[in-house]
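Enquirer: Input protein.pdb, format and content: PDB, C-alpha atoms.
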MODEL        1
ATOM      1  CA  MET N  30       0.560   5.113 -18.200
ATOM      2  CA  ARG N  31      -1.205   4.006 -15.027
ATOM      3  CA  LEU N  32      -1.817   6.436 -12.182
ATOM      4  CA  PHE N  33      -2.507   5.824  -8.512
ATOM      5  CA  THR N  34      -2.393   7.881  -5.328
ATOM      6  CA  ALA N  35      -0.396   6.370  -2.488
ATOM      7  CA  LEU N  36       1.080   6.757   0.964
ATOM      8  CA  TRP N  37       4.639   5.505   1.372
ATOM      9  CA  PRO N  38       5.731   3.960   4.678
ATOM     10  CA  SER N  39       8.682   5.375   6.568
ATOM     11  CA  ASP N  40      12.196   4.091   5.885
ATOM     12  CA  GLU N  41      12.209   2.515   9.351
ATOM     13  CA  ALA N  42       8.949   0.664   8.672
ATOM     14  CA  VAL N  43      10.263  -0.608   5.322
ATOM     15  CA  ARG N  44      13.541  -1.730   6.888
ATOM     16  CA  HIS N  45      11.701  -3.571   9.685
ATOM     17  CA  LEU N  46       9.402  -5.419   7.258
ATOM     18  CA  SER N  47      12.348  -6.225   4.963
ATOM     19  CA  GLU N  48      14.190  -7.802   7.888
ATOM     20  CA  ALA N  49      11.121  -9.829   8.851
ATOM     21  CA  ILE N  50      10.785 -11.175   5.311
ATOM     22  CA  ALA N  51      14.520 -11.932   5.078
ATOM     23  CA  ALA N  52      14.247 -13.893   8.338
ATOM     24  CA  LEU N  53      11.476 -16.191   7.059
ATOM     25  CA  ASP N  54      12.398 -19.861   7.066
ATOM     26  CA  PRO N  55      12.920 -20.846   3.380
ATOM     27  CA  ALA N  56      11.357 -24.282   4.011
ATOM     28  CA  ARG N  57       8.246 -22.593   5.394
ATOM     29  CA  VAL N  58       8.063 -20.267   2.378
ATOM     30  CA  THR N  59       8.384 -23.269   0.037
ATOM     31  CA  GLU N  60       5.630 -25.104   1.895
ATOM     32  CA  ALA N  61       3.335 -22.057   1.895
ATOM     33  CA  THR N  62       3.831 -21.390  -1.822
ATOM     34  CA  ALA N  63       3.579 -24.993  -3.063
ATOM     35  CA  GLY N  64       0.291 -24.387  -4.924
ATOM     36  CA  VAL N  65       1.402 -21.329  -6.872
ATOM     37  CA  ARG N  66       3.721 -20.588  -9.793
ATOM     38  CA  LYS N  67       6.398 -17.901  -9.974
ATOM     39  CA  PHE N  68       6.062 -16.702  -6.379
ATOM     40  CA  ARG N  69       8.266 -13.677  -5.688
ATOM     41  CA  PHE N  70       8.537 -11.046  -3.002
ATOM     42  CA  THR N  71       8.128  -7.532  -4.329
ATOM     43  CA  ALA N  72      10.990  -5.067  -4.066
ATOM     44  CA  ALA N  73      10.888  -2.985  -0.878
ATOM     45  CA  GLU N  74      11.230   0.265  -2.827
ATOM     46  CA  ARG N  75       7.832  -0.471  -4.415
ATOM     47  CA  TRP N  76       5.980  -0.973  -1.123
ATOM     48  CA  HIS N  77       3.183   1.537  -0.804
ATOM     49  CA  LEU N  78      -0.372   1.878   0.410
ATOM     50  CA  THR N  79      -2.624   2.592  -2.590
ATOM     51  CA  LEU N  80      -5.424   4.960  -1.635
ATOM     52  CA  ARG N  81      -6.904   5.184  -5.124
ATOM     53  CA  PHE N  82      -6.138   3.612  -8.479
ATOM     54  CA  HIS N  83      -6.971   6.149 -11.184
ATOM     55  CA  GLY N  84      -6.576   3.932 -14.234
ATOM     56  CA  ASP N  85      -4.597   3.671 -17.408
ATOM     57  CA  ASP N  86      -5.801   6.813 -19.151
ATOM     58  CA  ALA N  87      -6.100   9.305 -16.286
ATOM     59  CA  ASP N  88      -4.742  12.796 -16.881
ATOM     60  CA  PRO N  89      -1.935  13.425 -14.342
ATOM     61  CA  GLN N  90      -2.636  17.160 -14.095
ATOM     62  CA  ARG N  91      -6.345  16.643 -13.547
ATOM     63  CA  VAL N  92      -5.669  14.041 -10.821
ATOM     64  CA  ALA N  93      -3.119  16.369  -9.160
ATOM     65  CA  ASP N  94      -5.484  19.354  -9.269
ATOM     66  CA  ARG N  95      -8.334  17.336  -7.722
ATOM     67  CA  LEU N  96      -6.030  16.021  -5.001
ATOM     68  CA  ASP N  97      -4.857  19.556  -4.174
ATOM     69  CA  ARG N  98      -8.458  20.783  -3.926
ATOM     70  CA  ARG N  99      -9.534  17.888  -1.717
ATOM     71  CA  MET N 100      -6.451  18.036   0.512
ATOM     72  CA  ALA N 101      -7.195  21.719   1.214
ATOM     73  CA  HIS N 102     -10.270  20.489   3.129
ATOM     74  CA  VAL N 103      -8.571  17.724   5.138
ATOM     75  CA  THR N 104      -8.730  18.647   8.813
ATOM     76  CA  ALA N 105      -7.365  15.522  10.461
ATOM     77  CA  ALA N 106      -3.792  15.235  11.684
ATOM     78  CA  PRO N 107      -1.554  12.795   9.758
ATOM     79  CA  PRO N 108      -2.459   9.270  10.889
ATOM     80  CA  ALA N 109      -0.102   7.000  12.809
ATOM     81  CA  LEU N 110       0.026   3.611  11.082
ATOM     82  CA  ARG N 111       1.882   0.302  11.169
ATOM     83  CA  MET N 112       2.050  -2.820   9.066
ATOM     84  CA  THR N 113       0.662  -5.875  10.796
ATOM     85  CA  GLY N 114      -0.641  -9.337   9.969
ATOM     86  CA  SER N 115      -1.203 -10.654   6.475
ATOM     87  CA  GLY N 116      -3.661 -12.054   3.991
ATOM     88  CA  THR N 117      -4.081 -12.883   0.333
ATOM     89  CA  PHE N 118      -5.955 -11.622  -2.666
ATOM     90  CA  ARG N 119      -5.788 -13.376  -6.007
ATOM     91  CA  GLY N 120      -2.076 -13.532  -6.848
ATOM     92  CA  VAL N 121      -1.064 -11.274  -3.943
ATOM     93  CA  LEU N 122       0.297 -11.705  -0.418
ATOM     94  CA  TRP N 123      -0.181  -8.546   1.629
ATOM     95  CA  THR N 124       0.468  -7.178   5.065
ATOM     96  CA  GLY N 125      -2.257  -5.117   6.665
ATOM     97  CA  VAL N 126      -1.938  -1.453   7.585
ATOM     98  CA  GLU N 127      -3.370  -0.673  11.008
ATOM     99  CA  PRO N 128      -4.166   2.779  12.412
ATOM    100  CA  ALA N 129      -3.004   3.410  15.998
ATOM    101  CA  THR N 130      -6.314   4.847  17.250
ATOM    102  CA  GLU N 131      -9.859   5.495  16.097
ATOM    103  CA  THR N 132      -8.787   9.077  15.313
ATOM    104  CA  ASP N 133      -6.024   7.699  13.062
ATOM    105  CA  ARG N 134      -8.521   5.343  11.374
ATOM    106  CA  LEU N 135     -10.789   8.298  10.609
ATOM    107  CA  ALA N 136      -7.816  10.354   9.373
ATOM    108  CA  LEU N 137      -6.814   7.531   6.998
ATOM    109  CA  ARG N 138     -10.380   7.377   5.687
ATOM    110  CA  GLU N 139     -10.245  11.145   5.098
ATOM    111  CA  LEU N 140      -7.046  10.703   3.062
ATOM    112  CA  VAL N 141      -8.657   7.925   1.005
ATOM    113  CA  ARG N 142     -11.572  10.275   0.293
ATOM    114  CA  ALA N 143      -9.161  13.096  -0.644
ATOM    115  CA  ALA N 144      -7.435  10.717  -3.084
ATOM    116  CA  GLY N 145     -10.837  10.064  -4.680
ATOM    117  CA  GLY N 146     -11.274   6.594  -3.202
ATOM    118  CA  ASP N 147     -14.169   4.980  -1.363
ATOM    119  CA  PRO N 148     -13.263   4.858   2.339
ATOM    120  CA  HIS N 149     -16.031   2.326   3.057
ATOM    121  CA  GLY N 150     -14.699  -0.277   0.622
ATOM    122  CA  PHE N 151     -11.061   0.424   1.455
ATOM    123  CA  ARG N 152      -8.847  -2.313   2.925
ATOM    124  CA  ALA N 153      -5.525  -0.834   3.986
ATOM    125  CA  HIS N 154      -2.726  -3.156   2.877
ATOM    126  CA  LEU N 155       0.717  -3.249   1.341
ATOM    127  CA  THR N 156       1.556  -5.881  -1.310
ATOM    128  CA  VAL N 157       4.680  -7.839  -0.328
ATOM    129  CA  ALA N 158       4.577 -10.752  -2.800
ATOM    130  CA  ARG N 159       2.956 -11.844  -6.048
ATOM    131  CA  TRP N 160       2.587 -15.037  -8.030
ATOM    132  CA  ALA N 161       1.646 -15.763 -11.625
ATOM    133  CA  SER N 162      -0.960 -18.476 -11.213
ATOM    134  CA  GLY N 163      -2.263 -21.152  -8.923
ATOM    135  CA  ARG N 164      -4.276 -21.088  -5.770
ATOM    136  CA  ALA N 165      -2.617 -20.036  -2.521
ATOM    137  CA  ASP N 166      -3.266 -22.226   0.487
ATOM    138  CA  ARG N 167      -5.214 -19.818   2.693
ATOM    139  CA  ARG N 168      -3.971 -21.616   5.809
ATOM    140  CA  TRP N 169      -0.261 -21.379   4.979
ATOM    141  CA  MET N 170       0.369 -18.361   2.774
ATOM    142  CA  PRO N 171      -1.017 -15.677   5.140
ATOM    143  CA  GLY N 172       0.727 -17.485   7.980
ATOM    144  CA  LEU N 173       4.091 -16.347   6.631
ATOM    145  CA  LEU N 174       3.554 -12.914   8.185
ATOM    146  CA  ALA N 175       0.524 -13.579  10.419
ATOM    147  CA  GLY N 176       2.302 -12.530  13.616
ATOM    148  CA  TYR N 177       4.098  -9.580  12.086
ATOM    149  CA  ALA N 178       3.731  -6.145  13.691
ATOM    150  CA  GLY N 179       5.983  -3.330  12.510
ATOM    151  CA  PRO N 180       6.887   0.000  14.069
ATOM    152  CA  TRP N 181       4.457   2.912  14.048
ATOM    153  CA  TRP N 182       5.013   5.589  11.411
ATOM    154  CA  THR N 183       3.206   8.783  10.530
ATOM    155  CA  ALA N 184       1.957   9.474   7.034
ATOM    156  CA  GLY N 185       3.978  12.358   5.601
ATOM    157  CA  GLU N 186       2.609  12.922   2.116
ATOM    158  CA  LEU N 187       0.281  11.645  -0.560
ATOM    159  CA  ALA N 188       1.871  11.047  -3.934
ATOM    160  CA  VAL N 189       0.256  10.707  -7.322
ATOM    161  CA  MET N 190       2.360   7.987  -8.911
ATOM    162  CA  ARG N 191       2.907   7.012 -12.512
ATOM    163  CA  SER N 192       3.501   3.303 -13.096
ATOM    164  CA  ASP N 193       5.295   2.171 -16.239
ATOM    165  CA  GLN N 194       6.258  -1.399 -17.015
ATOM    166  CA  GLY N 195      10.011  -1.931 -16.863
ATOM    167  CA  GLU N 196      12.188  -4.979 -17.441
ATOM    168  CA  GLY N 197      12.145  -5.959 -13.760
ATOM    169  CA  GLY N 198       8.535  -5.010 -13.083
ATOM    170  CA  PRO N 199       6.748  -1.723 -12.653
ATOM    171  CA  VAL N 200       8.724   1.496 -12.336
ATOM    172  CA  TYR N 201       7.045   4.113 -10.140
ATOM    173  CA  ARG N 202       7.607   7.857 -10.504
ATOM    174  CA  ALA N 203       5.936  10.578  -8.489
ATOM    175  CA  VAL N 204       4.179  13.123 -10.698
ATOM    176  CA  HIS N 205       2.735  15.138  -7.797
ATOM    177  CA  ARG N 206       3.189  15.241  -4.018
ATOM    178  CA  VAL N 207       1.004  16.768  -1.322
ATOM    179  CA  PRO N 208       2.095  16.966   2.328
ATOM    180  CA  VAL N 209      -0.254  15.445   4.874
ATOM    181  CA  THR N 210      -0.592  18.181   7.475
ATOM    182  CA  ARG N 211      -3.385  19.365   9.694
ATOM    183  CA  ALA N 212      -5.219  22.236   8.008
ATOM    184  CA  ALA N 213      -4.811  25.574   9.752
ATOM    185  CA  SER N 214      -7.788  26.414  11.932
ATOM    186  CA  GLY N 215      -9.772  29.631  11.540
TER     187      GLY N 215
ENDMDL
END
If you took the structure in this file and wrote it as structure tokens, what would it be?
Expert:
Amino acid sequence: MRLFTALWPSDEAVRHLSEAIAALDPARVTEATAGVRKFRFTAAERWHLTLRFHGDDADPQRVADRLDRRMAHVTAAPPALRMTGSGTFRGVLWTGVEPATETDRLALRELVRAAGGDPHGFRAHLTVARWASGRADRRWMPGLLAGYAGPWWTAGELAVMRSDQGEGGPVYRAVHRVPVTRAASG
């Protein structure tokens, strides 16, 4: 069992990105993915923003308890975010996640910290495609979604997710959810 803490984009944001990917020119996708094997777009229902990967042997209750304790001290309002642009990591095509304002950027960092992550080393992104092997052409692959900018959405909750390998890829199940709300003052 693998655990991670994530934010999930709004249904509208997922729909918008799905439509943008569906509208990509197949010839352009073929050209951009020529140097890789087994390129595939990930299923939209798996799109999430990982704030912290907890590992293969993490105790779900311990992770949930820590998240609850840390979230009790979060004072920032839920951040407004959108998916925009793209890039690659080894075997991954991603779209970036951009905060609307500096206040939203700081709020996202606070959520990363609450999840147990390092906000300084954090690069907000959402994985939209994977490939098995080969080297992506850094000029073409990120260009598939380079001009993309989705609608703004507001983070609603953090979820501790369990990831199990299924026949068609990972199967995610929430084991704990915490609403992202401004802490009451006083």
Enquirer: For Ala73 of chain N, find every residue with an atom within 10 Å (counting all atoms listed in the file), except residues of its own chain fewer than 5 positions away, and show them as a list of chain:residue names.
Expert: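 In the requested form, the answer reads N:Asp40, N:Val43, N:Arg44, N:Leu46, N:Ser47, N:Thr156, N:Val157.
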Enquirer: Can you work out the spacing between atom CA of Trp123 of chain N and atom CA of Leu155 of chain N in Å, to one decimal?
Expert: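 It comes out at 5.4 Å.
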Enquirer: Measuring between all atoms listed in the file, which one of N:Arg119, N:Arg134, N:Arg164, N:Arg95 shows the shortest distance to Phe151 of chain N?
Expert: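 Looking at the shortest contact to Phe151 of chain N, the residue is N:Arg134.
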Enquirer: To test your reading of the syntax: which residues would the PyMOL selection byres ((chain N and resi 30-34) around 6) return for the file shown? Reply as JSON, numbers by chain.
Expert: {"N": [35, 79, 80, 81, 82, 83, 84, 85, 188, 189, 190, 191, 192, 193]}
Enquirer: Take atom CA of Pro171 of chain N and atom CA of Ala184 of chain N and report the distance between them in Å, one decimal.
Expert: 25.4 Å
Enquirer: Measuring between only C-alpha atoms, which one of N:Met100, N:Asp147, N:Leu110, N:Leu78 shows the shortest distance to Trp182 of chain N?
Expert: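 Of the candidates, the smallest distance to Trp182 of chain N is held by N:Leu110.
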